[in-house]
Structures are given as C-alpha cells and as structure tokens.
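As stored in protein_22.cif (mmCIF, C-alpha atoms and all ligand atoms):
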```
data_work
loop_
_atom_site.label_atom_id
_atom_site.label_comp_id
_atom_site.auth_asym_id
_atom_site.auth_seq_id
_atom_site.Cartn_x
_atom_site.Cartn_y
_atom_site.Cartn_z
CA MET A 224 54.89 149.01 101.17
CA LYS A 225 52.20 147.24 99.17
CA THR A 226 52.60 143.47 98.80
CA ILE A 227 51.34 141.68 95.70
CA ARG A 228 50.39 138.14 96.62
CA LEU A 229 50.84 135.30 94.13
CA CYS A 230 49.94 131.60 94.21
CA ILE A 231 51.74 129.14 91.93
CA LEU A 232 50.20 125.86 90.76
CA PHE A 233 52.42 123.08 89.40
CA SER A 234 52.38 119.33 88.69
CA GLY A 235 55.93 118.11 88.05
CA THR A 236 59.54 119.22 88.12
CA GLY A 237 58.65 122.78 88.98
CA SER A 238 61.67 124.32 87.27
CA ASN A 239 59.64 127.33 86.13
CA MET A 240 58.21 127.74 89.60
CA LEU A 241 61.69 127.70 91.13
CA ASN A 242 62.83 130.25 88.57
CA LEU A 243 59.88 132.49 89.48
CA ILE A 244 60.76 132.20 93.16
CA ARG A 245 64.35 133.20 92.41
CA THR A 246 63.44 136.11 90.15
CA LEU A 247 60.27 137.55 91.77
CA HIS A 248 59.74 136.37 95.35
CA LEU A 249 60.25 139.11 97.96
CA ARG A 250 61.66 141.43 95.33
CA GLU A 251 60.66 145.05 94.88
CA PHE A 252 59.13 146.53 91.73
CA ILE A 253 57.50 149.79 90.64
CA ASP A 254 53.76 149.91 89.97
CA GLU A 255 51.72 152.13 87.62
CA ARG A 256 51.62 154.94 90.19
CA ASP A 257 55.39 154.86 90.56
CA CYS A 258 55.09 153.29 94.01
CA VAL A 259 57.46 150.62 95.21
CA CYS A 260 55.78 147.30 95.90
CA ARG A 261 56.88 143.81 96.73
CA ILE A 262 55.87 140.48 95.23
CA GLU A 263 55.31 137.63 97.64
CA ILE A 264 54.64 134.06 96.53
CA VAL A 265 52.35 133.20 99.41
CA ALA A 266 51.58 129.60 98.50
CA THR A 267 52.16 126.85 95.98
CA LEU A 268 49.65 124.13 95.15
CA CYS A 269 50.34 120.79 93.50
CA ASN A 270 47.95 118.10 92.25
CA ASN A 271 50.60 115.37 92.08
CA PRO A 272 51.96 113.97 95.38
CA GLN A 273 54.97 112.54 93.46
CA ALA A 274 55.99 115.85 91.88
CA LYS A 275 59.72 116.56 92.14
CA GLY A 276 59.00 120.23 92.70
CA ILE A 277 57.55 119.54 96.17
CA GLN A 278 60.94 118.47 97.49
CA ALA A 279 62.73 121.30 95.72
CA LEU A 280 60.50 123.85 97.47
CA GLN A 281 61.66 122.96 100.94
CA GLU A 282 64.52 125.43 101.09
CA PHE A 283 62.24 128.39 100.41
CA HIS A 284 59.80 128.33 103.35
CA ILE A 285 56.83 128.82 101.06
CA PRO A 286 53.77 126.69 101.91
CA CYS A 287 53.08 123.85 99.47
CA LEU A 288 49.61 122.41 99.52
CA VAL A 289 49.38 118.99 97.85
CA LEU A 290 45.84 118.31 96.69
CA SER A 291 45.56 115.09 94.72
CA HIS A 292 42.88 115.00 92.06
CA LYS A 293 42.68 111.18 92.19
CA GLY A 294 39.13 109.88 92.25
CA LEU A 295 37.55 113.34 92.09
CA GLU A 296 35.37 114.65 89.29
CA ARG A 297 36.87 117.65 87.51
CA GLU A 298 34.31 120.10 88.88
CA VAL A 299 34.65 118.81 92.43
CA TYR A 300 38.43 119.12 92.27
CA ASP A 301 38.27 122.60 90.78
CA ALA A 302 35.88 123.74 93.52
CA LEU A 303 38.36 122.44 96.08
CA LEU A 304 41.20 124.31 94.36
CA VAL A 305 39.21 127.54 94.24
CA ARG A 306 38.39 127.27 97.95
CA GLU A 307 42.01 126.67 98.92
CA ILE A 308 43.40 129.38 96.64
CA ARG A 309 40.97 131.94 98.04
CA ARG A 310 42.29 131.37 101.55
CA TYR A 311 45.57 132.95 100.37
CA GLU A 312 43.87 135.97 98.73
CA PRO A 313 46.25 136.16 95.77
CA ALA A 314 46.16 139.05 93.31
CA LEU A 315 47.10 136.53 90.64
CA CYS A 316 47.37 132.79 90.31
CA VAL A 317 50.22 131.46 88.14
CA LEU A 318 49.87 128.10 86.39
CA SER A 319 53.44 126.88 86.01
CA GLY A 320 53.33 123.43 84.45
CA PHE A 321 49.96 122.69 86.07
CA MET A 322 48.85 119.77 83.89
CA ARG A 323 45.11 119.94 84.37
CA ILE A 324 42.26 120.84 82.05
CA LEU A 325 40.34 123.39 84.09
CA THR A 326 36.58 123.78 84.20
CA PRO A 327 34.68 127.09 84.37
CA ILE A 328 34.44 126.51 88.13
CA PHE A 329 38.11 127.45 88.19
CA THR A 330 38.44 129.70 85.16
CA GLN A 331 35.50 131.95 86.05
CA HIS A 332 36.52 132.47 89.64
CA ILE A 333 40.30 132.69 89.65
CA ARG A 334 42.38 135.32 87.87
CA ALA A 335 45.14 133.20 86.42
CA ILE A 336 47.86 133.08 83.79
CA ASN A 337 49.51 130.07 82.18
CA ILE A 338 52.77 129.31 80.40
CA HIS A 339 52.63 127.15 77.29
CA PRO A 340 55.72 125.84 75.45
CA SER A 341 54.75 126.74 71.89
CA PHE A 342 54.02 129.80 69.81
CA LEU A 343 50.23 129.82 70.29
CA PRO A 344 47.82 129.31 68.64
CA HIS A 345 50.09 126.63 67.18
CA HIS A 346 50.36 123.33 69.04
CA LYS A 347 47.92 123.59 71.91
CA GLY A 348 47.70 120.68 74.34
CA ALA A 349 49.99 118.53 76.46
CA HIS A 350 52.61 117.63 73.81
CA ALA A 351 53.40 121.09 72.52
CA ILE A 352 57.19 120.76 72.50
CA ARG A 353 57.20 117.48 70.59
CA ASP A 354 54.44 118.67 68.27
CA SER A 355 56.27 121.87 67.35
CA PHE A 356 59.57 119.98 66.98
CA GLU A 357 57.94 117.57 64.52
CA SER A 358 56.00 120.23 62.62
CA PRO A 359 57.23 121.58 59.28
CA GLN A 360 57.43 125.09 60.75
CA ASP A 361 60.94 126.44 61.24
CA PHE A 362 60.20 127.74 64.75
CA GLY A 363 58.90 126.71 68.13
CA GLY A 364 58.19 129.18 70.88
CA VAL A 365 56.80 130.05 74.28
CA SER A 366 53.57 131.85 75.13
CA VAL A 367 52.16 133.24 78.36
CA HIS A 368 48.44 133.88 78.30
CA TRP A 369 45.45 134.64 80.48
CA VAL A 370 43.54 131.54 81.48
CA SER A 371 40.12 131.33 79.87
CA ASP A 372 37.40 128.69 79.57
CA GLU A 373 39.09 127.20 76.51
CA LEU A 374 42.39 125.30 76.85
CA ASP A 375 45.51 127.29 75.84
CA SER A 376 43.37 129.98 74.21
CA GLY A 377 43.20 133.07 76.45
CA ALA A 378 44.61 136.46 75.49
CA ILE A 379 48.37 136.47 75.01
CA ILE A 380 50.43 138.46 77.52
CA ALA A 381 53.83 137.70 75.99
CA GLN A 382 55.19 135.26 73.44
CA GLU A 383 58.38 134.68 71.56
CA LYS A 384 59.39 132.46 68.67
CA LEU A 385 62.38 130.12 68.91
CA PRO A 386 64.01 129.39 65.55
CA LYS A 387 64.82 125.72 65.01
CA VAL A 388 68.44 124.67 64.55
CA ALA A 389 69.17 122.21 61.71
CA GLY A 390 70.03 118.72 62.96
CA GLU A 391 69.10 119.52 66.58
CA SER A 392 67.73 116.71 68.79
CA LEU A 393 64.37 116.94 70.52
CA GLU A 394 66.20 117.08 73.87
CA ASP A 395 68.30 120.08 72.81
CA PHE A 396 65.25 121.83 71.36
CA GLU A 397 63.38 121.20 74.62
CA ALA A 398 66.27 122.58 76.68
CA ARG A 399 66.24 125.78 74.60
CA ILE A 400 62.46 126.06 75.03
CA HIS A 401 62.90 125.89 78.80
CA GLU A 402 65.63 128.56 78.72
CA LEU A 403 63.23 130.82 76.84
CA GLU A 404 60.52 130.06 79.40
CA TYR A 405 62.81 131.12 82.23
CA LYS A 406 63.37 134.47 80.53
CA LEU A 407 59.82 135.14 79.33
CA PHE A 408 57.67 133.98 82.25
CA PRO A 409 58.86 136.48 84.90
CA GLN A 410 58.64 139.30 82.33
CA ALA A 411 55.08 138.28 81.43
CA ILE A 412 54.01 138.16 85.07
CA LEU A 413 55.34 141.67 85.64
CA ARG A 414 53.47 142.80 82.53
CA ALA A 415 50.25 141.15 83.74
CA LEU A 416 50.63 142.95 87.07
CA ALA A 417 51.58 146.25 85.38
CA LEU A 418 54.89 146.33 87.26
CA HIS A 419 58.38 147.16 86.14
CA THR A 420 61.83 146.75 87.57
CA ARG A 421 63.53 149.49 89.56
CA SER A 422 66.10 151.31 87.48
C1 LIG B 1 56.83 123.76 80.93
O1 LIG B 1 57.41 123.47 79.68
C2 LIG B 1 55.55 124.51 80.76
O2 LIG B 1 55.54 125.36 79.66
C3 LIG B 1 54.55 123.39 80.55
O3 LIG B 1 54.96 122.38 81.43
C4 LIG B 1 56.36 122.47 81.63
C5 LIG B 1 56.60 122.49 83.10
O4 LIG B 1 57.94 122.33 83.43
N1 LIG B 1 53.21 123.85 80.75
P1 LIG B 1 58.46 122.66 84.90
O5 LIG B 1 57.60 121.83 85.86
O6 LIG B 1 58.30 124.12 85.13
O7 LIG B 1 59.88 122.21 84.94
#
```

Translate this file's structure into structure tokens.
Ligand code: GRF
Amino acid sequence: MKTIRLCILFSGTGSNMLNLIRTLHLREFIDERDCVCRIEIVATLCNNPQAKGIQALQEFHIPCLVLSHKGLEREVYDALLVREIRRYEPALCVLSGFMRILTPIFTQHIRAINIHPSFLPHHKGAHAIRDSFESPQDFGGVSVHWVSDELDSGAIIAQEKLPKVAGESLEDFEARIHELEYKLFPQAILRALALHTRS
C-alpha cells in the first residue's frame, strides 16, 4: 500500500496538529486512481522549545525536532528547516500554527499548506482572530491555503465563514474558530492530496 508522508510544523499549543494526528495519521484513504493509501505523519518540527505541543506529542511516537530560530537570520533558519524537512521526504508539509514569516528559501523549495484563522483575504497576519472579531464584518472564518512567497496569500484550498453571534466574547468567538479549524483542516489536507475517505 502506498504511504503518503507528511511533516507538520508548529510553534505553540499544537491543538490543530494533535487533531490532524487523530484524524489522519495511519489512516487509509482512496486516491485519484481508486487505490487505497495510507497517510503517515513522519515528523513534526517546532521552532519554540517552550511550545506546549512538544509535550503533548509524546504519546504518539512521532519524532519531534525542535529547532530554535533564536539568533539566526531568517534565511539561515529557513535553509536549516528545508534541510531537515528533506530528510523525511514528505509529499506535503503542513504549517499548523507555525508562527514564522517564511522566506523564498523555504517557500520555493517546500510544498506546503497553511491554516489561517480568518476568511482570507481579510485579516492577514498574526492577530487574525482578534482583528476579525473587532472588524465591522458580521463573520470571521478559517482558510487553508498553499504557501507562497507572500504571507497568507497563496491559493485557497478550502475556506469557510463563521457568522458572528451578537454579544459573544472574544474567547467564545475564538473557541468557535478553533472548532471550525478542526473540521476544515483535515478536509483541506485530503483535498490538497487529492484523497477521499473510504465509503
Ligand atoms: C490556529 O488558530 C491557527 O489557525 C493559527 O495559529 C493557531 C494555532 O493553534 N495559525 P494550535 O497551536 O493549533 O492550537
């Protein structure tokens, strides 16, 4: 059976990463030729030695490579990332809360997708949830897109709007955004890989 190898990059809590492990890792899917194949998350990489997600990964027996970016120029760090990712020969690299602005050294050499907690192109950047909560629009959203040279701007793979609820707190809005992420991200990864679930 063919195995589709994925790497996941993260920086913090890793709740999306853990959800991807639960929903995709070592599970079987059907590819475009109607063949059964298996997804394997072969490695995770983290730029933040304090990230909560590192601890949470321990029960899964998936390698976690912690590569701090401290003191390194962006290009030097990205070259290091590219070298380490290539060792695992992934078909796709998944940025799952990886809070780094990536240079072309990464974006032009690694096939990657990213999740962003807004309905792009609205509210790009690191404060997307707060920015969409405070905006006059009556919706937030989640987008999954291909990684390109420009931050939060690659082609959309899947996205969904989340209607705001009158009187809702930022914390409640954020919790609903994360719930939507947990639903949309695995679906978008399957779409990016041209896979579907077994019926
Ligand atoms: C998610 O909201 C994701 O969209 C954004 O960073 C957050 C990561 O959360 N890029 P977690 O680490 O997956 O819990």

What do you get as an NGL selection string if you pick all residues at most 8 Å from ligand LIG 1 (chain B), counting all atoms listed in the file? :A and (233-241 or 276 or 318-322 or 337-341 or 349 or 352 or 365 or 400-401 or 404)

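If you count all atoms listed in the file and ignore residues fewer than 3 places along the chain from stretch 243-246 of chain A, what sits within 8 Å of it is Asn239, Met240, Arg250, Ile264, Tyr405, Phe408 and Pro409 of chain A.
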
Take the selection from the previous step and output its residues with C-alpha atoms, as a PDB file, keeping the file's coordinate frame.
```pdb
ATOM      1  CA  ASN A 239      59.640 127.330  86.130  1.00  0.00           C
ATOM      2  CA  MET A 240      58.210 127.740  89.600  1.00  0.00           C
ATOM      3  CA  ARG A 250      61.660 141.430  95.330  1.00  0.00           C
ATOM      4  CA  ILE A 264      54.640 134.060  96.530  1.00  0.00           C
ATOM      5  CA  TYR A 405      62.810 131.120  82.230  1.00  0.00           C
ATOM      6  CA  PHE A 408      57.670 133.980  82.250  1.00  0.00           C
ATOM      7  CA  PRO A 409      58.860 136.480  84.900  1.00  0.00           C
TER       8      PRO A 409
END
```

Which value, in Å to one decimal, gives the distance between atom CA of A:Ile227 and atom CA of A:Pro313? 7.5 Å

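Counting from atom CA of A:Ala378, the distance to atom CA of A:Pro344 is 10.4 Å.
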
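Minimum distance to A:Pro272 across A:Ser376, A:Arg256, A:His284, A:Lys293 (counting all atoms listed in the file) occurs at A:Lys293.
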
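One finds atom CA of A:Gln331 at 14.7 Å from atom CA of A:Ala314.
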
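If all atoms listed in the file are the atoms counted, then among A:Phe396, A:Phe362, A:Phe329, A:Phe283 the closest residue to A:Arg306 is A:Phe329.
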